[in-house]
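Okay, so here's the structure we're looking at.
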There are 2 protein chains.
Amino acid sequence: MSEGLKKARTRFVSTWGEMASQWGINKTMARVHALLMASDAALSVDEIMAALSISRGNASMNLRALTDWGLVRRVSVGSERREYFQSEKDVWNMCCRIARERKKREIEPVIGALEECLREAGDGKESEAFRKRTAELLELVRTLDFVLGKLAQQEKNAVMPRVLTLLKAMS
Amino acid sequence: MSEGLKKARTRFVSTWGEMASQWGINKTMARVHALLMASDAALSVDEIMAALSISRGNASMNLRALTDWGLVRRVSVGSERREYFQSEKDVWNMCCRIARERKKREIEPVIGALEECLREAGDGKESEAFRKRTAELLELVRTLDFVLGKLAQQEKNAVMPRVLTLLKAMS
DNA sequence: TCATACTTTCAATATATTCTGAAAGTATGA
DNA sequence: TCATACTTTCAGAATATATTGAAAGTATGA
């Protein structure tokens, strides 16, 4: 493999890792994901361990997390016992899956907690300002939830193109 | 203050903190932000320190970060020397500011890095698959950047209502 | 059923991030 | 200018998070 391509792959893997850690995702999980995205063939655990210099346990945990997120699939190659892994290659599908998971894991619990805040605050004059602010925030989070839900709805996403058309028309 | 309201505020502050740490934001920064959002009056550093049981240095650093993000303002109260802090109260404005900052700090550097990957990969047959995938990802990230840019453009946001109308029509 | 070839788990360890608090810095008004 | 009343900084300490690797678990096919 050419030097340039090697460097480019390395940059790709570490860029994805850096980005992920700014968004609350484990850096190694993102590096594994990036490695699989950058690789045409499916990779075995041993290949992944070697490429990223990580332990078997670490690789196993992060591959499990990535399959839970629906970003990576296990595949069998020929008659081999060993399992191989490959990433979802369609970037829009990938985006949908991430949207779906973060909605479920993070946004929905926040909605529940904010609703609980409103209930707890009671209905006195004293808590009026707090209730108002909490209610506005709740509305905002619900809107975000709705948008993410739409984004996550379709595999071949039909929503984005239309949103983009609208946004571009507003320029 | 009623017990219920006290509990509700505490829940509000810790919910915001938990959520933030899942999104790559310092938990204390988010708790300070939540405290100010939940409070009608502007608060002094000492009040914030007491409410969250944090040190002066920690409070100072996080207030600085919040003002850099444009989420919190310093205000003077009467003729006092001491400074007070209050949060942006409009949740849509808040959302715009966050979008603007994350676009600038995180999305734009990733676009640069992906462009560099494409350049480094060269144009041989060997790197074709890698280039294709990187280019698709770059397009996705650019789209996200564009959408965030639109969202961040206006103070009183005119974009969201129209996007929502479109999405609701697609239900 | 058993030996084999693999995967997963988790306690101990390493690493990264955040927090503290005292010292340094800064602005105000007398 | 100086004393004062505050704010900021940053090295070291505390805490939280991620990683290792050996032991336990599991599936396969002979």
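Residue numbers start at 1 in each chain; chains themselves are named A, B, ... in the order of the structure tokens; ligands are numbered from 1 in the order shown.
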Exercise: Asn62 (chain A) partners within 8 Å, only C-alpha atoms (C1' of nucleotides), chain neighbours under 2 positions left out, as a list in words:
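Within the cut-off, the hits are Thr28, Met29, Val32, Asn58, Ala59, Ser60, Arg64, Ala65 and Leu66 of chain A.
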Just the selected residues (all heavy atoms), exported as a short mmCIF file (atom, residue, chain, number, x, y, z; two decimals), in the first residue's frame, please.
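Result file is selection_35.cif:
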data_model
loop_
_atom_site.label_atom_id
_atom_site.label_comp_id
_atom_site.auth_asym_id
_atom_site.auth_seq_id
_atom_site.Cartn_x
_atom_site.Cartn_y
_atom_site.Cartn_z
N THR A 28 -11.84 4.99 21.31
CA THR A 28 -11.45 3.73 20.66
C THR A 28 -12.60 3.14 19.85
O THR A 28 -12.41 2.63 18.75
CB THR A 28 -10.98 2.71 21.71
OG1 THR A 28 -9.86 3.28 22.40
CG2 THR A 28 -10.55 1.42 21.07
N MET A 29 -13.81 3.27 20.38
CA MET A 29 -14.97 2.81 19.64
C MET A 29 -15.02 3.50 18.28
O MET A 29 -15.24 2.86 17.24
CB MET A 29 -16.24 3.09 20.45
CG MET A 29 -17.53 2.75 19.74
SD MET A 29 -18.94 2.87 20.91
CE MET A 29 -20.30 3.14 19.78
N VAL A 32 -12.20 2.19 15.96
CA VAL A 32 -12.55 0.88 15.38
C VAL A 32 -13.53 1.09 14.22
O VAL A 32 -13.38 0.53 13.13
CB VAL A 32 -13.15 -0.06 16.44
CG1 VAL A 32 -13.67 -1.34 15.79
CG2 VAL A 32 -12.13 -0.41 17.52
N ASN A 58 -10.47 -5.01 24.93
CA ASN A 58 -10.91 -3.69 24.48
C ASN A 58 -11.58 -3.80 23.11
O ASN A 58 -12.68 -3.25 22.90
CB ASN A 58 -9.67 -2.80 24.41
CG ASN A 58 -10.01 -1.33 24.35
OD1 ASN A 58 -11.17 -0.95 24.43
ND2 ASN A 58 -9.00 -0.50 24.20
N ALA A 59 -10.95 -4.52 22.21
CA ALA A 59 -11.51 -4.69 20.87
C ALA A 59 -12.88 -5.35 20.97
O ALA A 59 -13.86 -4.91 20.34
CB ALA A 59 -10.58 -5.53 20.01
N SER A 60 -12.98 -6.39 21.77
CA SER A 60 -14.22 -7.13 21.90
C SER A 60 -15.35 -6.24 22.43
O SER A 60 -16.46 -6.22 21.88
CB SER A 60 -14.00 -8.31 22.84
OG SER A 60 -15.22 -8.96 23.13
N ARG A 64 -18.63 -5.03 20.30
CA ARG A 64 -19.96 -5.31 20.84
C ARG A 64 -20.81 -4.01 20.85
O ARG A 64 -21.94 -3.99 20.39
CB ARG A 64 -19.82 -5.89 22.25
CG ARG A 64 -21.02 -5.68 23.13
CD ARG A 64 -22.16 -6.57 22.67
NE ARG A 64 -22.11 -7.80 23.42
CZ ARG A 64 -22.97 -8.11 24.40
NH1 ARG A 64 -23.98 -7.30 24.66
NH2 ARG A 64 -22.86 -9.23 25.06
N ALA A 65 -20.22 -2.94 21.38
CA ALA A 65 -20.95 -1.67 21.43
C ALA A 65 -21.34 -1.21 20.03
O ALA A 65 -22.47 -0.78 19.79
CB ALA A 65 -20.10 -0.61 22.13
N LEU A 66 -20.42 -1.35 19.08
CA LEU A 66 -20.70 -0.90 17.72
C LEU A 66 -21.81 -1.73 17.08
O LEU A 66 -22.64 -1.20 16.33
CB LEU A 66 -19.43 -0.96 16.86
CG LEU A 66 -18.44 0.18 17.11
CD1 LEU A 66 -17.07 -0.15 16.51
CD2 LEU A 66 -18.96 1.50 16.54
#
May I ask you to extract the residues of chain C within 10 Å of chain B, using only C-alpha atoms (C1' of nucleotides), and to give them as a PDB file with all heavy atoms, in the first residue's frame?
ATOM      1  P    DT C  17      -8.644  13.711  27.983  1.00  0.00           P
ATOM      2  OP1  DT C  17      -9.581  13.728  26.855  1.00  0.00           O
ATOM      3  OP2  DT C  17      -7.375  14.460  27.945  1.00  0.00           O
ATOM      4  O5'  DT C  17      -9.441  14.155  29.273  1.00  0.00           O
ATOM      5  C5'  DT C  17     -10.584  13.407  29.672  1.00  0.00           C
ATOM      6  C4'  DT C  17     -11.066  13.950  30.985  1.00  0.00           C
ATOM      7  O4'  DT C  17     -10.102  13.665  32.012  1.00  0.00           O
ATOM      8  C3'  DT C  17     -11.261  15.464  30.996  1.00  0.00           C
ATOM      9  O3'  DT C  17     -12.627  15.643  31.289  1.00  0.00           O
ATOM     10  C2'  DT C  17     -10.283  15.971  32.062  1.00  0.00           C
ATOM     11  C1'  DT C  17     -10.078  14.737  32.935  1.00  0.00           C
ATOM     12  N1   DT C  17      -8.788  14.611  33.661  1.00  0.00           N
ATOM     13  C2   DT C  17      -8.809  14.418  35.034  1.00  0.00           C
ATOM     14  O2   DT C  17      -9.839  14.369  35.684  1.00  0.00           O
ATOM     15  N3   DT C  17      -7.577  14.265  35.625  1.00  0.00           N
ATOM     16  C4   DT C  17      -6.352  14.296  34.989  1.00  0.00           C
ATOM     17  O4   DT C  17      -5.310  14.145  35.625  1.00  0.00           O
ATOM     18  C5   DT C  17      -6.392  14.497  33.561  1.00  0.00           C
ATOM     19  C7   DT C  17      -5.111  14.546  32.786  1.00  0.00           C
ATOM     20  C6   DT C  17      -7.593  14.643  32.973  1.00  0.00           C
ATOM     21  P    DT C  18     -13.325  17.072  31.362  1.00  0.00           P
ATOM     22  OP1  DT C  18     -14.759  16.898  31.026  1.00  0.00           O
ATOM     23  OP2  DT C  18     -12.477  18.053  30.664  1.00  0.00           O
ATOM     24  O5'  DT C  18     -13.232  17.344  32.936  1.00  0.00           O
ATOM     25  C5'  DT C  18     -13.828  16.416  33.835  1.00  0.00           C
ATOM     26  C4'  DT C  18     -13.519  16.823  35.248  1.00  0.00           C
ATOM     27  O4'  DT C  18     -12.128  16.635  35.544  1.00  0.00           O
ATOM     28  C3'  DT C  18     -13.841  18.275  35.565  1.00  0.00           C
ATOM     29  O3'  DT C  18     -14.701  18.229  36.686  1.00  0.00           O
ATOM     30  C2'  DT C  18     -12.470  18.897  35.826  1.00  0.00           C
ATOM     31  C1'  DT C  18     -11.685  17.705  36.361  1.00  0.00           C
ATOM     32  N1   DT C  18     -10.204  17.719  36.233  1.00  0.00           N
ATOM     33  C2   DT C  18      -9.438  17.415  37.349  1.00  0.00           C
ATOM     34  O2   DT C  18      -9.914  17.170  38.435  1.00  0.00           O
ATOM     35  N3   DT C  18      -8.070  17.406  37.136  1.00  0.00           N
ATOM     36  C4   DT C  18      -7.430  17.657  35.947  1.00  0.00           C
ATOM     37  O4   DT C  18      -6.198  17.606  35.889  1.00  0.00           O
ATOM     38  C5   DT C  18      -8.286  17.956  34.814  1.00  0.00           C
ATOM     39  C7   DT C  18      -7.679  18.236  33.488  1.00  0.00           C
ATOM     40  C6   DT C  18      -9.615  17.974  35.017  1.00  0.00           C
ATOM     41  P    DC C  19     -15.272  19.466  37.415  1.00  0.00           P
ATOM     42  OP1  DC C  19     -16.587  19.102  37.982  1.00  0.00           O
ATOM     43  OP2  DC C  19     -15.102  20.637  36.524  1.00  0.00           O
ATOM     44  O5'  DC C  19     -14.257  19.608  38.626  1.00  0.00           O
ATOM     45  C5'  DC C  19     -14.225  18.564  39.606  1.00  0.00           C
ATOM     46  C4'  DC C  19     -13.308  19.002  40.714  1.00  0.00           C
ATOM     47  O4'  DC C  19     -11.972  19.038  40.196  1.00  0.00           O
ATOM     48  C3'  DC C  19     -13.603  20.387  41.270  1.00  0.00           C
ATOM     49  O3'  DC C  19     -13.879  20.221  42.652  1.00  0.00           O
ATOM     50  C2'  DC C  19     -12.358  21.218  40.955  1.00  0.00           C
ATOM     51  C1'  DC C  19     -11.283  20.160  40.706  1.00  0.00           C
ATOM     52  N1   DC C  19     -10.236  20.454  39.686  1.00  0.00           N
ATOM     53  C2   DC C  19      -8.878  20.307  40.022  1.00  0.00           C
ATOM     54  O2   DC C  19      -8.570  19.986  41.164  1.00  0.00           O
ATOM     55  N3   DC C  19      -7.932  20.540  39.065  1.00  0.00           N
ATOM     56  C4   DC C  19      -8.295  20.880  37.834  1.00  0.00           C
ATOM     57  N4   DC C  19      -7.321  21.076  36.928  1.00  0.00           N
ATOM     58  C5   DC C  19      -9.663  21.026  37.461  1.00  0.00           C
ATOM     59  C6   DC C  19     -10.601  20.806  38.412  1.00  0.00           C
ATOM     60  P    DT C  20     -14.178  21.486  43.556  1.00  0.00           P
ATOM     61  OP1  DT C  20     -15.085  21.053  44.627  1.00  0.00           O
ATOM     62  OP2  DT C  20     -14.511  22.629  42.687  1.00  0.00           O
ATOM     63  O5'  DT C  20     -12.741  21.748  44.198  1.00  0.00           O
ATOM     64  C5'  DT C  20     -12.103  20.699  44.897  1.00  0.00           C
ATOM     65  C4'  DT C  20     -10.749  21.160  45.402  1.00  0.00           C
ATOM     66  O4'  DT C  20      -9.888  21.390  44.270  1.00  0.00           O
ATOM     67  C3'  DT C  20     -10.774  22.462  46.205  1.00  0.00           C
ATOM     68  O3'  DT C  20     -10.174  22.184  47.456  1.00  0.00           O
ATOM     69  C2'  DT C  20      -9.961  23.461  45.364  1.00  0.00           C
ATOM     70  C1'  DT C  20      -9.116  22.547  44.479  1.00  0.00           C
ATOM     71  N1   DT C  20      -8.779  23.015  43.110  1.00  0.00           N
ATOM     72  C2   DT C  20      -7.443  23.009  42.709  1.00  0.00           C
ATOM     73  O2   DT C  20      -6.539  22.685  43.437  1.00  0.00           O
ATOM     74  N3   DT C  20      -7.239  23.400  41.397  1.00  0.00           N
ATOM     75  C4   DT C  20      -8.197  23.786  40.480  1.00  0.00           C
ATOM     76  O4   DT C  20      -7.875  24.104  39.341  1.00  0.00           O
ATOM     77  C5   DT C  20      -9.558  23.764  40.968  1.00  0.00           C
ATOM     78  C7   DT C  20     -10.669  24.155  40.041  1.00  0.00           C
ATOM     79  C6   DT C  20      -9.791  23.393  42.241  1.00  0.00           C
ATOM     80  P    DG C  21     -10.451  23.116  48.685  1.00  0.00           P
ATOM     81  OP1  DG C  21     -10.331  22.274  49.893  1.00  0.00           O
ATOM     82  OP2  DG C  21     -11.664  23.917  48.447  1.00  0.00           O
ATOM     83  O5'  DG C  21      -9.198  24.105  48.639  1.00  0.00           O
ATOM     84  C5'  DG C  21      -7.883  23.556  48.580  1.00  0.00           C
ATOM     85  C4'  DG C  21      -6.893  24.677  48.322  1.00  0.00           C
ATOM     86  O4'  DG C  21      -6.879  24.992  46.901  1.00  0.00           O
ATOM     87  C3'  DG C  21      -7.230  25.997  49.023  1.00  0.00           C
ATOM     88  O3'  DG C  21      -6.007  26.627  49.354  1.00  0.00           O
ATOM     89  C2'  DG C  21      -7.935  26.806  47.937  1.00  0.00           C
ATOM     90  C1'  DG C  21      -7.110  26.388  46.730  1.00  0.00           C
ATOM     91  N9   DG C  21      -7.737  26.573  45.437  1.00  0.00           N
ATOM     92  C8   DG C  21      -9.068  26.831  45.174  1.00  0.00           C
ATOM     93  N7   DG C  21      -9.312  26.952  43.891  1.00  0.00           N
ATOM     94  C5   DG C  21      -8.085  26.760  43.279  1.00  0.00           C
ATOM     95  C6   DG C  21      -7.720  26.778  41.912  1.00  0.00           C
ATOM     96  O6   DG C  21      -8.459  26.961  40.941  1.00  0.00           O
ATOM     97  N1   DG C  21      -6.362  26.541  41.730  1.00  0.00           N
ATOM     98  C2   DG C  21      -5.457  26.317  42.747  1.00  0.00           C
ATOM     99  N2   DG C  21      -4.190  26.122  42.383  1.00  0.00           N
ATOM    100  N3   DG C  21      -5.778  26.300  44.031  1.00  0.00           N
ATOM    101  C4   DG C  21      -7.112  26.528  44.221  1.00  0.00           C
ATOM    102  P    DA C  27      -7.663  45.245  34.502  1.00  0.00           P
ATOM    103  OP1  DA C  27      -8.296  44.879  33.217  1.00  0.00           O
ATOM    104  OP2  DA C  27      -6.398  46.021  34.538  1.00  0.00           O
ATOM    105  O5'  DA C  27      -8.760  46.023  35.345  1.00  0.00           O
ATOM    106  C5'  DA C  27      -9.961  45.344  35.702  1.00  0.00           C
ATOM    107  C4'  DA C  27     -10.586  46.076  36.862  1.00  0.00           C
ATOM    108  O4'  DA C  27      -9.766  45.904  38.044  1.00  0.00           O
ATOM    109  C3'  DA C  27     -10.711  47.575  36.648  1.00  0.00           C
ATOM    110  O3'  DA C  27     -12.026  47.903  37.063  1.00  0.00           O
ATOM    111  C2'  DA C  27      -9.648  48.191  37.557  1.00  0.00           C
ATOM    112  C1'  DA C  27      -9.565  47.160  38.675  1.00  0.00           C
ATOM    113  N9   DA C  27      -8.292  47.028  39.389  1.00  0.00           N
ATOM    114  C8   DA C  27      -7.032  46.918  38.867  1.00  0.00           C
ATOM    115  N7   DA C  27      -6.081  46.767  39.772  1.00  0.00           N
ATOM    116  C5   DA C  27      -6.776  46.772  40.972  1.00  0.00           C
ATOM    117  C6   DA C  27      -6.357  46.654  42.309  1.00  0.00           C
ATOM    118  N6   DA C  27      -5.079  46.479  42.670  1.00  0.00           N
ATOM    119  N1   DA C  27      -7.307  46.701  43.274  1.00  0.00           N
ATOM    120  C2   DA C  27      -8.586  46.860  42.904  1.00  0.00           C
ATOM    121  N3   DA C  27      -9.115  46.974  41.687  1.00  0.00           N
ATOM    122  C4   DA C  27      -8.141  46.929  40.755  1.00  0.00           C
ATOM    123  P    DT C  28     -12.658  49.319  36.720  1.00  0.00           P
ATOM    124  OP1  DT C  28     -13.973  49.062  36.126  1.00  0.00           O
ATOM    125  OP2  DT C  28     -11.628  50.151  36.040  1.00  0.00           O
ATOM    126  O5'  DT C  28     -12.896  49.940  38.175  1.00  0.00           O
ATOM    127  C5'  DT C  28     -13.612  49.168  39.151  1.00  0.00           C
ATOM    128  C4'  DT C  28     -13.348  49.792  40.510  1.00  0.00           C
ATOM    129  O4'  DT C  28     -11.993  49.517  40.923  1.00  0.00           O
ATOM    130  C3'  DT C  28     -13.499  51.303  40.521  1.00  0.00           C
ATOM    131  O3'  DT C  28     -14.591  51.611  41.379  1.00  0.00           O
ATOM    132  C2'  DT C  28     -12.162  51.830  41.047  1.00  0.00           C
ATOM    133  C1'  DT C  28     -11.553  50.601  41.700  1.00  0.00           C
ATOM    134  N1   DT C  28     -10.065  50.500  41.744  1.00  0.00           N
ATOM    135  C2   DT C  28      -9.472  50.293  42.966  1.00  0.00           C
ATOM    136  O2   DT C  28     -10.099  50.207  44.009  1.00  0.00           O
ATOM    137  N3   DT C  28      -8.088  50.169  42.928  1.00  0.00           N
ATOM    138  C4   DT C  28      -7.277  50.239  41.806  1.00  0.00           C
ATOM    139  O4   DT C  28      -6.069  50.108  41.907  1.00  0.00           O
ATOM    140  C5   DT C  28      -7.972  50.460  40.558  1.00  0.00           C
ATOM    141  C7   DT C  28      -7.194  50.562  39.283  1.00  0.00           C
ATOM    142  C6   DT C  28      -9.323  50.581  40.580  1.00  0.00           C
TER     143       DT C  28
END
Within 8 Å of chain B: residues of chain A, using only C-alpha atoms, as a JSON list (two decimals) with N, CA and C atoms, in the first residue's frame:
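The resulting file, selection07.json, is shown below:
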[["chain", "number", "residue", "atom", "x", "y", "z"],
["A", 1, "MET", "N", 0.85, -1.21, 0.00],
["A", 1, "MET", "CA", 0.00, 0.00, 0.00],
["A", 1, "MET", "C", 0.88, 1.25, 0.00],
["A", 4, "GLY", "N", 1.19, 7.34, 0.94],
["A", 4, "GLY", "CA", 0.13, 8.36, 1.04],
["A", 4, "GLY", "C", -1.17, 7.77, 1.55],
["A", 5, "LEU", "N", -1.54, 6.62, 0.99],
["A", 5, "LEU", "CA", -2.80, 6.00, 1.40],
["A", 5, "LEU", "C", -2.73, 5.58, 2.87],
["A", 6, "LYS", "N", -1.57, 5.05, 3.26],
["A", 6, "LYS", "CA", -1.40, 4.65, 4.65],
["A", 6, "LYS", "C", -1.58, 5.84, 5.59],
["A", 7, "LYS", "N", -0.92, 6.94, 5.24],
["A", 7, "LYS", "CA", -1.03, 8.15, 6.06],
["A", 7, "LYS", "C", -2.47, 8.65, 6.10],
["A", 8, "ALA", "N", -3.12, 8.58, 4.93],
["A", 8, "ALA", "CA", -4.50, 9.07, 4.85],
["A", 8, "ALA", "C", -5.43, 8.25, 5.74],
["A", 9, "ARG", "N", -5.23, 6.93, 5.73],
["A", 9, "ARG", "CA", -6.06, 6.07, 6.59],
["A", 9, "ARG", "C", -5.84, 6.39, 8.06],
["A", 11, "ARG", "N", -4.81, 9.15, 9.36],
["A", 11, "ARG", "CA", -5.42, 10.44, 9.66],
["A", 11, "ARG", "C", -6.94, 10.29, 9.81],
["A", 12, "PHE", "N", -7.50, 9.50, 8.91],
["A", 12, "PHE", "CA", -8.95, 9.27, 8.93],
["A", 12, "PHE", "C", -9.37, 8.65, 10.27],
["A", 15, "THR", "N", -8.86, 11.21, 13.12],
["A", 15, "THR", "CA", -9.84, 12.30, 13.03],
["A", 15, "THR", "C", -11.19, 11.87, 13.59],
["A", 19, "MET", "N", -13.06, 13.43, 16.88],
["A", 19, "MET", "CA", -14.39, 14.00, 16.76],
["A", 19, "MET", "C", -15.34, 13.33, 17.74],
["A", 21, "SER", "N", -14.76, 11.83, 20.51],
["A", 21, "SER", "CA", -14.60, 12.09, 21.94],
["A", 21, "SER", "C", -15.15, 13.48, 22.30],
["A", 22, "GLN", "N", -15.22, 14.37, 21.31],
["A", 22, "GLN", "CA", -15.89, 15.65, 21.58],
["A", 22, "GLN", "C", -17.40, 15.52, 21.64],
["A", 23, "TRP", "N", -17.90, 14.39, 21.18],
["A", 23, "TRP", "CA", -19.36, 14.20, 21.18],
["A", 23, "TRP", "C", -19.80, 13.12, 22.16],
["A", 24, "GLY", "N", -18.90, 12.84, 23.13],
["A", 24, "GLY", "CA", -19.30, 11.94, 24.20],
["A", 24, "GLY", "C", -19.27, 10.47, 23.83],
["A", 25, "ILE", "N", -18.49, 10.14, 22.80],
["A", 25, "ILE", "CA", -18.37, 8.74, 22.40],
["A", 25, "ILE", "C", -16.94, 8.29, 22.64],
["A", 37, "MET", "N", -14.69, 1.44, 8.45],
["A", 37, "MET", "CA", -15.22, 2.24, 7.33],
["A", 37, "MET", "C", -14.17, 2.39, 6.24],
["A", 38, "ALA", "N", -12.92, 2.54, 6.67],
["A", 38, "ALA", "CA", -11.84, 2.78, 5.69],
["A", 38, "ALA", "C", -11.41, 1.50, 4.99],
["A", 39, "SER", "N", -11.88, 0.37, 5.50],
["A", 39, "SER", "CA", -11.43, -0.91, 4.94],
["A", 39, "SER", "C", -12.52, -1.55, 4.11],
["A", 40, "ASP", "N", -12.17, -1.95, 2.92],
["A", 40, "ASP", "CA", -13.15, -2.57, 2.04],
["A", 40, "ASP", "C", -13.55, -3.95, 2.54],
["A", 89, "LYS", "N", -21.79, 0.58, 5.29],
["A", 89, "LYS", "CA", -21.00, 1.41, 4.37],
["A", 89, "LYS", "C", -21.75, 2.66, 3.89],
["A", 91, "VAL", "N", -23.27, 5.98, 4.33],
["A", 91, "VAL", "CA", -23.12, 6.97, 5.41],
["A", 91, "VAL", "C", -24.45, 7.54, 5.89],
["A", 92, "TRP", "N", -25.45, 7.56, 5.03],
["A", 92, "TRP", "CA", -26.76, 8.05, 5.47],
["A", 92, "TRP", "C", -27.42, 7.07, 6.42],
["A", 106, "GLU", "N", -30.63, 8.96, 25.03],
["A", 106, "GLU", "CA", -30.30, 10.20, 25.71],
["A", 106, "GLU", "C", -31.41, 11.23, 25.74],
["A", 110, "VAL", "N", -34.17, 12.45, 29.09],
["A", 110, "VAL", "CA", -34.17, 13.86, 29.50],
["A", 110, "VAL", "C", -35.60, 14.40, 29.49],
["A", 113, "ALA", "N", -37.21, 13.32, 32.63],
["A", 113, "ALA", "CA", -36.71, 14.04, 33.81],
["A", 113, "ALA", "C", -37.28, 15.45, 33.88],
["A", 114, "LEU", "N", -37.39, 16.11, 32.72],
["A", 114, "LEU", "CA", -37.93, 17.48, 32.72],
["A", 114, "LEU", "C", -39.41, 17.47, 33.10],
["A", 116, "GLU", "N", -40.76, 15.35, 35.06],
["A", 116, "GLU", "CA", -40.75, 15.14, 36.51],
["A", 116, "GLU", "C", -40.45, 16.45, 37.25],
["A", 117, "CYS", "N", -39.55, 17.26, 36.71],
["A", 117, "CYS", "CA", -39.25, 18.57, 37.31],
["A", 117, "CYS", "C", -40.51, 19.42, 37.39],
["A", 118, "LEU", "N", -41.26, 19.45, 36.29],
["A", 118, "LEU", "CA", -42.48, 20.26, 36.25],
["A", 118, "LEU", "C", -43.47, 19.77, 37.31],
["A", 120, "GLU", "N", -42.82, 18.09, 40.09],
["A", 120, "GLU", "CA", -42.30, 18.38, 41.43],
["A", 120, "GLU", "C", -42.42, 19.84, 41.82],
["A", 121, "ALA", "N", -42.29, 20.71, 40.81],
["A", 121, "ALA", "CA", -42.25, 22.15, 41.12],
["A", 121, "ALA", "C", -43.57, 22.66, 41.67],
["A", 122, "GLY", "N", -44.64, 21.90, 41.50],
["A", 122, "GLY", "CA", -45.94, 22.33, 42.00],
["A", 122, "GLY", "C", -46.49, 23.48, 41.17],
["A", 126, "GLU", "N", -44.72, 31.03, 43.46],
["A", 126, "GLU", "CA", -43.28, 30.99, 43.72],
["A", 126, "GLU", "C", -42.48, 30.29, 42.62],
["A", 127, "SER", "N", -43.09, 29.23, 42.06],
["A", 127, "SER", "CA", -42.32, 28.44, 41.09],
["A", 127, "SER", "C", -42.66, 28.82, 39.65],
["A", 129, "ALA", "N", -41.72, 31.19, 37.49],
["A", 129, "ALA", "CA", -40.63, 31.45, 36.56],
["A", 129, "ALA", "C", -39.90, 30.14, 36.22],
["A", 130, "PHE", "N", -39.66, 29.34, 37.24],
["A", 130, "PHE", "CA", -38.98, 28.06, 37.02],
["A", 130, "PHE", "C", -39.79, 27.18, 36.07],
["A", 133, "ARG", "N", -39.59, 28.42, 32.41],
["A", 133, "ARG", "CA", -38.33, 28.10, 31.76],
["A", 133, "ARG", "C", -38.22, 26.59, 31.47],
["A", 134, "THR", "N", -38.62, 25.81, 32.44],
["A", 134, "THR", "CA", -38.54, 24.34, 32.24],
["A", 134, "THR", "C", -39.45, 23.91, 31.10],
["A", 136, "GLU", "N", -40.37, 25.65, 28.50],
["A", 136, "GLU", "CA", -39.79, 26.05, 27.22],
["A", 136, "GLU", "C", -38.69, 25.09, 26.78],
["A", 137, "LEU", "N", -37.88, 24.72, 27.77],
["A", 137, "LEU", "CA", -36.79, 23.79, 27.49],
["A", 137, "LEU", "C", -37.33, 22.43, 27.07],
["A", 140, "LEU", "N", -38.38, 22.53, 23.57],
["A", 140, "LEU", "CA", -37.21, 22.49, 22.70],
["A", 140, "LEU", "C", -36.68, 21.06, 22.55],
["A", 147, "VAL", "N", -37.44, 15.79, 15.51],
["A", 147, "VAL", "CA", -36.60, 15.89, 14.31],
["A", 147, "VAL", "C", -35.70, 14.67, 14.18],
["A", 150, "LYS", "N", -37.69, 11.73, 12.97],
["A", 150, "LYS", "CA", -37.91, 11.79, 11.52],
["A", 150, "LYS", "C", -36.68, 11.34, 10.76],
["A", 159, "VAL", "N", -36.03, 12.38, 4.20],
["A", 159, "VAL", "CA", -36.28, 13.64, 4.88],
["A", 159, "VAL", "C", -35.22, 14.68, 4.54],
["A", 163, "VAL", "N", -35.49, 18.74, 3.45],
["A", 163, "VAL", "CA", -35.08, 19.80, 4.38],
["A", 163, "VAL", "C", -34.02, 20.67, 3.72],
["A", 164, "LEU", "N", -33.08, 20.01, 3.04],
["A", 164, "LEU", "CA", -32.00, 20.77, 2.39],
["A", 164, "LEU", "C", -32.55, 21.70, 1.32],
["A", 166, "LEU", "N", -35.45, 23.06, 1.21],
["A", 166, "LEU", "CA", -36.07, 24.18, 1.91],
["A", 166, "LEU", "C", -35.02, 25.17, 2.40],
["A", 167, "LEU", "N", -33.97, 24.64, 3.04],
["A", 167, "LEU", "CA", -32.95, 25.52, 3.61],
["A", 167, "LEU", "C", -32.22, 26.31, 2.53]]
Pick from A:Val141, A:Ala34, A:Met61, A:Cys96, whichever lies nearest to chain D using only C-alpha atoms (C1' of nucleotides):
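Looking only at the distances to chain D, the closest residue turns out to be A:Met61.
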Given a cut-off of 12 Å, which residues of chain D touch chain A, counting only C-alpha atoms (C1' of nucleotides), written out as a list in words?
DT17, DA18, DT19, DT20, DG21, DA22, DA27, DT28 and DG29 of chain D
Running DSSP on the backbone, which parts of chain A land in strand (DSSP E or B), as a list of chain:residue names?
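Strand (DSSP E or B) assignments inside chain A correspond to A:Leu43, A:Ser44, A:Val72, A:Arg73, A:Arg74, A:Val75, A:Ser76, A:Glu83, A:Tyr84, A:Phe85, A:Gln86, A:Ser87.
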Suppose you want the space between C1' of DA3 (chain C) and CA of Leu43 (chain A); what is it in Å?
27.0 Å
DG25 (chain C): which residues within 12 Å, counting only C-alpha atoms (C1' of nucleotides), same-chain residues fewer than 5 positions away excluded, as a list in words?
DC6, DT7, DT8 and DT9 of chain D
Calculated over only C-alpha atoms (C1' of nucleotides), which of the candidates A:Arg31, A:Arg82, A:Lys125, A:Arg73 has the smallest distance to DT7 (chain C)?
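Using only C-alpha atoms (C1' of nucleotides), DT7 (chain C) sits closest to A:Arg82.
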Need the shell around Val77 (chain A): protein/DNA/RNA residues with any atom at most 12 Å away, counting only C-alpha atoms (C1' of nucleotides). Skip same-chain ones fewer than 3 positions apart. Format as a PyMOL selection string?
chain A and resi 41-44+74+80-86
